[in-house]
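J.: So that you have it, the file is upload_32.pdb, and it contains PDB, C-alpha atoms and all ligand atoms:
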```
ATOM      1  CA  LYS T   1     -66.488 -68.913 -34.675  1.00  0.00           C
ATOM      2  CA  THR T   2     -66.130 -69.337 -38.408  1.00  0.00           C
ATOM      3  CA  VAL T   3     -63.487 -67.922 -40.736  1.00  0.00           C
ATOM      4  CA  PHE T   4     -64.260 -67.533 -44.427  1.00  0.00           C
ATOM      5  CA  VAL T   5     -61.235 -67.660 -46.742  1.00  0.00           C
ATOM      6  CA  LEU T   6     -62.331 -66.568 -50.208  1.00  0.00           C
ATOM      7  CA  ASN T   7     -60.202 -66.683 -53.328  1.00  0.00           C
ATOM      8  CA  GLY T   8     -61.010 -64.991 -56.599  1.00  0.00           C
ATOM      9  CA  PRO T   9     -60.111 -65.479 -60.246  1.00  0.00           C
ATOM     10  CA  ASN T  10     -57.104 -67.505 -61.364  1.00  0.00           C
ATOM     11  CA  LEU T  11     -56.193 -68.589 -57.840  1.00  0.00           C
ATOM     12  CA  ASN T  12     -57.239 -72.116 -58.831  1.00  0.00           C
ATOM     13  CA  LEU T  13     -54.059 -72.022 -60.952  1.00  0.00           C
ATOM     14  CA  LEU T  14     -51.751 -71.592 -57.946  1.00  0.00           C
ATOM     15  CA  GLY T  15     -48.707 -73.834 -58.232  1.00  0.00           C
ATOM     16  CA  THR T  16     -48.425 -73.485 -61.992  1.00  0.00           C
ATOM     17  CA  ARG T  17     -49.385 -69.825 -62.392  1.00  0.00           C
ATOM     18  CA  GLU T  18     -46.359 -67.475 -62.567  1.00  0.00           C
ATOM     19  CA  PRO T  19     -44.477 -69.415 -59.859  1.00  0.00           C
ATOM     20  CA  ALA T  20     -41.837 -66.670 -59.615  1.00  0.00           C
ATOM     21  CA  VAL T  21     -44.606 -64.357 -58.360  1.00  0.00           C
ATOM     22  CA  TYR T  22     -47.009 -66.687 -56.549  1.00  0.00           C
ATOM     23  CA  GLY T  23     -44.788 -69.630 -55.527  1.00  0.00           C
ATOM     24  CA  ALA T  24     -45.091 -73.373 -55.995  1.00  0.00           C
ATOM     25  CA  GLN T  25     -47.852 -74.147 -53.491  1.00  0.00           C
ATOM     26  CA  THR T  26     -51.242 -75.148 -54.869  1.00  0.00           C
ATOM     27  CA  LEU T  27     -54.637 -73.904 -53.705  1.00  0.00           C
ATOM     28  CA  ALA T  28     -55.110 -77.303 -52.017  1.00  0.00           C
ATOM     29  CA  ASN T  29     -51.912 -76.606 -50.047  1.00  0.00           C
ATOM     30  CA  VAL T  30     -53.302 -73.200 -49.086  1.00  0.00           C
ATOM     31  CA  GLU T  31     -56.527 -74.807 -47.873  1.00  0.00           C
ATOM     32  CA  GLN T  32     -54.509 -77.221 -45.677  1.00  0.00           C
ATOM     33  CA  LEU T  33     -52.492 -74.319 -44.288  1.00  0.00           C
ATOM     34  CA  CYS T  34     -55.704 -72.433 -43.473  1.00  0.00           C
ATOM     35  CA  GLN T  35     -57.191 -75.544 -41.901  1.00  0.00           C
ATOM     36  CA  ALA T  36     -54.131 -75.885 -39.649  1.00  0.00           C
ATOM     37  CA  ALA T  37     -54.253 -72.200 -38.675  1.00  0.00           C
ATOM     38  CA  CYS T  38     -57.981 -72.415 -37.892  1.00  0.00           C
ATOM     39  CA  ALA T  39     -57.453 -75.586 -35.849  1.00  0.00           C
ATOM     40  CA  ARG T  40     -54.824 -73.763 -33.758  1.00  0.00           C
ATOM     41  CA  HIS T  41     -57.393 -71.148 -32.809  1.00  0.00           C
ATOM     42  CA  GLY T  42     -60.526 -73.276 -32.598  1.00  0.00           C
ATOM     43  CA  PHE T  43     -62.083 -71.667 -35.678  1.00  0.00           C
ATOM     44  CA  ALA T  44     -64.259 -73.483 -38.202  1.00  0.00           C
ATOM     45  CA  LEU T  45     -63.098 -72.860 -41.786  1.00  0.00           C
ATOM     46  CA  ARG T  46     -65.079 -72.172 -44.932  1.00  0.00           C
ATOM     47  CA  PHE T  47     -62.647 -72.151 -47.874  1.00  0.00           C
ATOM     48  CA  HIS T  48     -63.768 -71.272 -51.395  1.00  0.00           C
ATOM     49  CA  GLN T  49     -62.452 -70.190 -54.783  1.00  0.00           C
ATOM     50  CA  SER T  50     -64.321 -68.873 -57.782  1.00  0.00           C
ATOM     51  CA  ASN T  51     -63.482 -67.182 -61.039  1.00  0.00           C
ATOM     52  CA  HIS T  52     -66.886 -65.466 -60.908  1.00  0.00           C
ATOM     53  CA  GLU T  53     -67.426 -62.151 -59.158  1.00  0.00           C
ATOM     54  CA  GLY T  54     -71.030 -62.914 -58.169  1.00  0.00           C
ATOM     55  CA  ALA T  55     -70.056 -66.157 -56.436  1.00  0.00           C
ATOM     56  CA  LEU T  56     -67.677 -64.155 -54.232  1.00  0.00           C
ATOM     57  CA  VAL T  57     -70.474 -61.657 -53.503  1.00  0.00           C
ATOM     58  CA  ASP T  58     -72.769 -64.545 -52.486  1.00  0.00           C
ATOM     59  CA  TRP T  59     -70.160 -65.975 -50.080  1.00  0.00           C
ATOM     60  CA  ILE T  60     -69.653 -62.553 -48.497  1.00  0.00           C
ATOM     61  CA  HIS T  61     -73.426 -62.390 -47.976  1.00  0.00           C
ATOM     62  CA  GLU T  62     -73.301 -65.837 -46.376  1.00  0.00           C
ATOM     63  CA  ALA T  63     -70.496 -64.686 -44.094  1.00  0.00           C
ATOM     64  CA  GLY T  64     -72.622 -61.620 -43.327  1.00  0.00           C
ATOM     65  CA  ARG T  65     -75.444 -63.811 -42.006  1.00  0.00           C
ATOM     66  CA  LEU T  66     -72.984 -65.461 -39.584  1.00  0.00           C
ATOM     67  CA  HIS T  67     -71.640 -62.014 -38.691  1.00  0.00           C
ATOM     68  CA  ALA T  68     -75.161 -60.907 -37.773  1.00  0.00           C
ATOM     69  CA  GLN T  69     -75.407 -63.884 -35.403  1.00  0.00           C
ATOM     70  CA  GLY T  70     -72.035 -63.111 -33.825  1.00  0.00           C
ATOM     71  CA  ALA T  71     -70.650 -66.345 -35.265  1.00  0.00           C
ATOM     72  CA  LEU T  72     -68.085 -64.960 -37.722  1.00  0.00           C
ATOM     73  CA  ALA T  73     -64.442 -64.225 -36.859  1.00  0.00           C
ATOM     74  CA  GLY T  74     -63.883 -62.609 -40.239  1.00  0.00           C
ATOM     75  CA  VAL T  75     -63.377 -62.955 -43.966  1.00  0.00           C
ATOM     76  CA  VAL T  76     -59.913 -63.300 -45.490  1.00  0.00           C
ATOM     77  CA  LEU T  77     -60.375 -62.281 -49.114  1.00  0.00           C
ATOM     78  CA  ASN T  78     -57.880 -62.629 -51.919  1.00  0.00           C
ATOM     79  CA  ALA T  79     -60.047 -61.125 -54.625  1.00  0.00           C
ATOM     80  CA  GLY T  80     -57.303 -61.462 -57.255  1.00  0.00           C
ATOM     81  CA  ALA T  81     -57.766 -58.993 -60.086  1.00  0.00           C
ATOM     82  CA  TYR T  82     -61.281 -58.097 -58.818  1.00  0.00           C
ATOM     83  CA  THR T  83     -59.437 -56.232 -56.050  1.00  0.00           C
ATOM     84  CA  HIS T  84     -58.628 -53.581 -58.607  1.00  0.00           C
ATOM     85  CA  THR T  85     -61.996 -53.473 -60.369  1.00  0.00           C
ATOM     86  CA  SER T  86     -64.903 -54.568 -58.203  1.00  0.00           C
ATOM     87  CA  ILE T  87     -67.323 -52.091 -56.685  1.00  0.00           C
ATOM     88  CA  ALA T  88     -69.659 -55.084 -56.200  1.00  0.00           C
ATOM     89  CA  LEU T  89     -67.250 -56.706 -53.731  1.00  0.00           C
ATOM     90  CA  LEU T  90     -66.743 -53.374 -51.959  1.00  0.00           C
ATOM     91  CA  ASP T  91     -70.521 -52.969 -51.630  1.00  0.00           C
ATOM     92  CA  ALA T  92     -70.916 -56.549 -50.372  1.00  0.00           C
ATOM     93  CA  VAL T  93     -68.441 -55.884 -47.556  1.00  0.00           C
ATOM     94  CA  LYS T  94     -70.069 -52.545 -46.741  1.00  0.00           C
ATOM     95  CA  GLY T  95     -73.565 -54.001 -46.905  1.00  0.00           C
ATOM     96  CA  THR T  96     -72.849 -56.917 -44.576  1.00  0.00           C
ATOM     97  CA  GLY T  97     -70.384 -55.264 -42.196  1.00  0.00           C
ATOM     98  CA  VAL T  98     -68.140 -58.326 -42.105  1.00  0.00           C
ATOM     99  CA  THR T  99     -64.654 -57.960 -40.645  1.00  0.00           C
ATOM    100  CA  LEU T 100     -62.413 -58.084 -43.705  1.00  0.00           C
ATOM    101  CA  VAL T 101     -58.758 -58.917 -44.157  1.00  0.00           C
ATOM    102  CA  GLU T 102     -57.689 -58.135 -47.721  1.00  0.00           C
ATOM    103  CA  LEU T 103     -54.934 -60.491 -48.771  1.00  0.00           C
ATOM    104  CA  HIS T 104     -52.470 -60.715 -51.632  1.00  0.00           C
ATOM    105  CA  ILE T 105     -49.801 -63.338 -52.034  1.00  0.00           C
ATOM    106  CA  SER T 106     -47.517 -60.912 -53.833  1.00  0.00           C
ATOM    107  CA  ASN T 107     -46.567 -57.391 -52.812  1.00  0.00           C
ATOM    108  CA  VAL T 108     -48.951 -55.617 -55.170  1.00  0.00           C
ATOM    109  CA  HIS T 109     -47.276 -52.260 -54.436  1.00  0.00           C
ATOM    110  CA  ALA T 110     -44.002 -53.487 -55.925  1.00  0.00           C
ATOM    111  CA  ARG T 111     -45.767 -54.487 -59.163  1.00  0.00           C
ATOM    112  CA  GLU T 112     -47.560 -52.734 -62.043  1.00  0.00           C
ATOM    113  CA  SER T 113     -49.275 -49.474 -61.081  1.00  0.00           C
ATOM    114  CA  PHE T 114     -52.729 -50.887 -61.968  1.00  0.00           C
ATOM    115  CA  ARG T 115     -52.311 -53.217 -58.969  1.00  0.00           C
ATOM    116  CA  HIS T 116     -51.681 -50.327 -56.570  1.00  0.00           C
ATOM    117  CA  HIS T 117     -55.313 -49.310 -56.211  1.00  0.00           C
ATOM    118  CA  SER T 118     -57.691 -51.543 -54.299  1.00  0.00           C
ATOM    119  CA  TYR T 119     -61.434 -50.967 -53.962  1.00  0.00           C
ATOM    120  CA  LEU T 120     -61.299 -53.122 -50.817  1.00  0.00           C
ATOM    121  CA  SER T 121     -58.562 -51.552 -48.693  1.00  0.00           C
ATOM    122  CA  GLY T 122     -60.820 -48.766 -47.434  1.00  0.00           C
ATOM    123  CA  VAL T 123     -63.275 -51.244 -45.908  1.00  0.00           C
ATOM    124  CA  ALA T 124     -60.665 -53.788 -44.760  1.00  0.00           C
ATOM    125  CA  ARG T 125     -59.642 -53.897 -41.121  1.00  0.00           C
ATOM    126  CA  ALA T 126     -56.212 -55.078 -42.288  1.00  0.00           C
ATOM    127  CA  VAL T 127     -54.362 -55.629 -45.526  1.00  0.00           C
ATOM    128  CA  MET T 128     -51.833 -58.453 -45.879  1.00  0.00           C
ATOM    129  CA  CYS T 129     -49.581 -58.579 -48.896  1.00  0.00           C
ATOM    130  CA  GLY T 130     -46.205 -59.911 -49.911  1.00  0.00           C
ATOM    131  CA  PHE T 131     -45.845 -62.818 -47.467  1.00  0.00           C
ATOM    132  CA  GLY T 132     -46.531 -65.427 -50.124  1.00  0.00           C
ATOM    133  CA  VAL T 133     -49.137 -68.041 -49.252  1.00  0.00           C
ATOM    134  CA  GLY T 134     -47.890 -67.902 -45.652  1.00  0.00           C
ATOM    135  CA  GLY T 135     -49.909 -64.695 -45.409  1.00  0.00           C
ATOM    136  CA  TYR T 136     -53.111 -66.740 -45.191  1.00  0.00           C
ATOM    137  CA  GLY T 137     -51.945 -68.304 -41.910  1.00  0.00           C
ATOM    138  CA  LEU T 138     -50.786 -64.939 -40.604  1.00  0.00           C
ATOM    139  CA  ALA T 139     -54.159 -63.397 -41.459  1.00  0.00           C
ATOM    140  CA  ILE T 140     -55.989 -66.126 -39.534  1.00  0.00           C
ATOM    141  CA  ASP T 141     -53.617 -65.583 -36.578  1.00  0.00           C
ATOM    142  CA  GLY T 142     -54.550 -61.903 -36.780  1.00  0.00           C
ATOM    143  CA  LEU T 143     -58.279 -62.705 -36.639  1.00  0.00           C
ATOM    144  CA  ALA T 144     -57.586 -64.775 -33.496  1.00  0.00           C
ATOM    145  CA  GLN T 145     -55.767 -61.818 -31.900  1.00  0.00           C
ATOM    146  CA  TRP T 146     -58.795 -59.606 -32.529  1.00  0.00           C
ATOM    147  CA  GLN T 147     -61.087 -62.234 -30.998  1.00  0.00           C
ATOM    148  CA  ALA T 148     -58.883 -62.410 -27.906  1.00  0.00           C
ATOM    149  CA  ALA T 149     -58.933 -58.611 -27.609  1.00  0.00           C
ATOM    150  CA  ALA T 150     -62.710 -58.297 -28.131  1.00  0.00           C
TER
HETATM  151  C1  LIG T 201     -53.126 -61.140 -56.191  1.00  0.00           C
HETATM  152  C2  LIG T 201     -52.608 -59.836 -56.817  1.00  0.00           C
HETATM  153  C3  LIG T 201     -53.570 -59.345 -57.891  1.00  0.00           C
HETATM  154  O1  LIG T 201     -53.076 -58.128 -58.459  1.00  0.00           O
HETATM  155  C4  LIG T 201     -53.676 -60.373 -58.991  1.00  0.00           C
HETATM  156  O2  LIG T 201     -54.599 -59.949 -59.966  1.00  0.00           O
HETATM  157  C5  LIG T 201     -54.028 -61.725 -58.482  1.00  0.00           C
HETATM  158  C6  LIG T 201     -53.395 -62.194 -57.248  1.00  0.00           C
HETATM  159  C7  LIG T 201     -52.113 -61.745 -55.191  1.00  0.00           C
HETATM  160  O3  LIG T 201     -52.508 -62.664 -54.458  1.00  0.00           O
HETATM  161  O4  LIG T 201     -50.948 -61.331 -55.136  1.00  0.00           O
HETATM  162  O5  LIG T 201     -54.768 -62.472 -59.104  1.00  0.00           O
HETATM  163  O6  LIG T 201     -54.316 -60.848 -55.471  1.00  0.00           O
END
```
Represent the supplied structure as structure tokens.
Ligand code: DQA
T.:
Amino acid sequence: KTVFVLNGPNLNLLGTREPAVYGAQTLANVEQLCQAACARHGFALRFHQSNHEGALVDWIHEAGRLHAQGALAGVVLNAGAYTHTSIALLDAVKGTGVTLVELHISNVHARESFRHHSYLSGVARAVMCGFGVGGYGLAIDGLAQWQAAA
């Protein structure tokens, strides 16, 4: 099965962006980490980043087509700031029925109050936050556990 790992705005800046919050690893490092996690579980990986909300919606729709064929393990989505603003991403998840893991590198609940609300948490099967970029690997491990239990 395929895992989609989708990254939203400003995550292309990982490594140089607020390293005290997000760490020193780059997005390329994160992709390698996801590749290794997927390889462990026999998943194919689709890894993407965009600063544009609609591009993320389109990838969720693509994941939804695999979901409809029974070929999707799930979507790990770090929507960045769109987490806190985007009804379009919420509707894309609802409309496709994909299994969603919402992910944040930082512990958003220990930060500014505007980061405490997520439009996505209510449609996510799990929410991962605060494990740094290691959370991406943990999220993929979690998708594998669900597959094994299904
Ligand atoms: C983030 C947290 C968001 O609040 C922020 O806007 C981001 C990154 C995280 O990974 O911790 O861009 O999703």
J.: Please determine the residues with any atom at most 9 Å from (-53.7, -64.0, -42.5) (coordinates as given in the file, with all atoms listed in the file counting) and report them as a VMD selection string.
T.: chain T and resid 34 76 101 to 103 127 to 128 134 to 143
J.: Evaluate the PyMOL selection byres (((chain T and resi 49-54) around 7) and not hetatm) and record the selected residues as a ChimeraX atom specification, following the chain and residue labels used in the document.
T.: /T:6-10,12,48,55-58
J.: Take the residues from that selection and write them out as a short mmCIF file (atom, residue, chain, number, x, y, z; two decimals), in the coordinates of the input, keeping C-alpha atoms.
T.:
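After the write, result.cif holds the following:
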```cif
data_model
loop_
_atom_site.label_atom_id
_atom_site.label_comp_id
_atom_site.auth_asym_id
_atom_site.auth_seq_id
_atom_site.Cartn_x
_atom_site.Cartn_y
_atom_site.Cartn_z
CA LEU T 6 -62.33 -66.57 -50.21
CA ASN T 7 -60.20 -66.68 -53.33
CA GLY T 8 -61.01 -64.99 -56.60
CA PRO T 9 -60.11 -65.48 -60.25
CA ASN T 10 -57.10 -67.50 -61.36
CA ASN T 12 -57.24 -72.12 -58.83
CA HIS T 48 -63.77 -71.27 -51.40
CA ALA T 55 -70.06 -66.16 -56.44
CA LEU T 56 -67.68 -64.16 -54.23
CA VAL T 57 -70.47 -61.66 -53.50
CA ASP T 58 -72.77 -64.54 -52.49
#
```
J.: Compile a residue-level contact table for chain T against ligand LIG 201 (chain T) at a cut-off of 7 Å, reporting for every qualifying residue the shortest atom pair and its distance in Å to one decimal, with all atoms listed in the file counted, rows ordered by chain and ascending number, as CSV.
T.:
```
residue,atom,partner,partner_atom,distance
T:Pro9,CA,T:LIG201,O5,6.2
T:Asn10,CA,T:LIG201,O5,6.0
T:Leu11,CA,T:LIG201,O5,6.4
T:Tyr22,CA,T:LIG201,O4,6.8
T:Asn78,CA,T:LIG201,O6,5.3
T:Ala79,CA,T:LIG201,O6,5.8
T:Gly80,CA,T:LIG201,O5,3.3
T:Ala81,CA,T:LIG201,O2,3.3
T:Thr83,CA,T:LIG201,C3,6.9
T:Leu103,CA,T:LIG201,O3,6.6
T:His104,CA,T:LIG201,O3,3.4
T:Ile105,CA,T:LIG201,O3,3.7
T:Ser106,CA,T:LIG201,O4,3.7
T:Asn107,CA,T:LIG201,O4,6.3
T:Val108,CA,T:LIG201,C2,5.8
T:Arg115,CA,T:LIG201,O1,5.0
T:Cys129,CA,T:LIG201,O4,7.0
```
J.: Figure out the distance between atom CA of T:Leu45 and atom CA of T:Val3, please, to one decimal in Å.
T.: 5.1 Å
J.: Could you check the closest approach to T:Thr99 for each of T:Ala37, T:Ile60, T:Ala149, T:Ile87 and tell me which residue wins, using only C-alpha atoms?
T.: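 Looking only at the distances to T:Thr99, the closest residue turns out to be T:Ile60.
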J.: Quick one: residues within 9 Å of T:Ser118, all atoms listed in the file counted, chain neighbours fewer than 5 positions away excluded, as a PyMOL selection string?
T.: chain T and resi 82-86
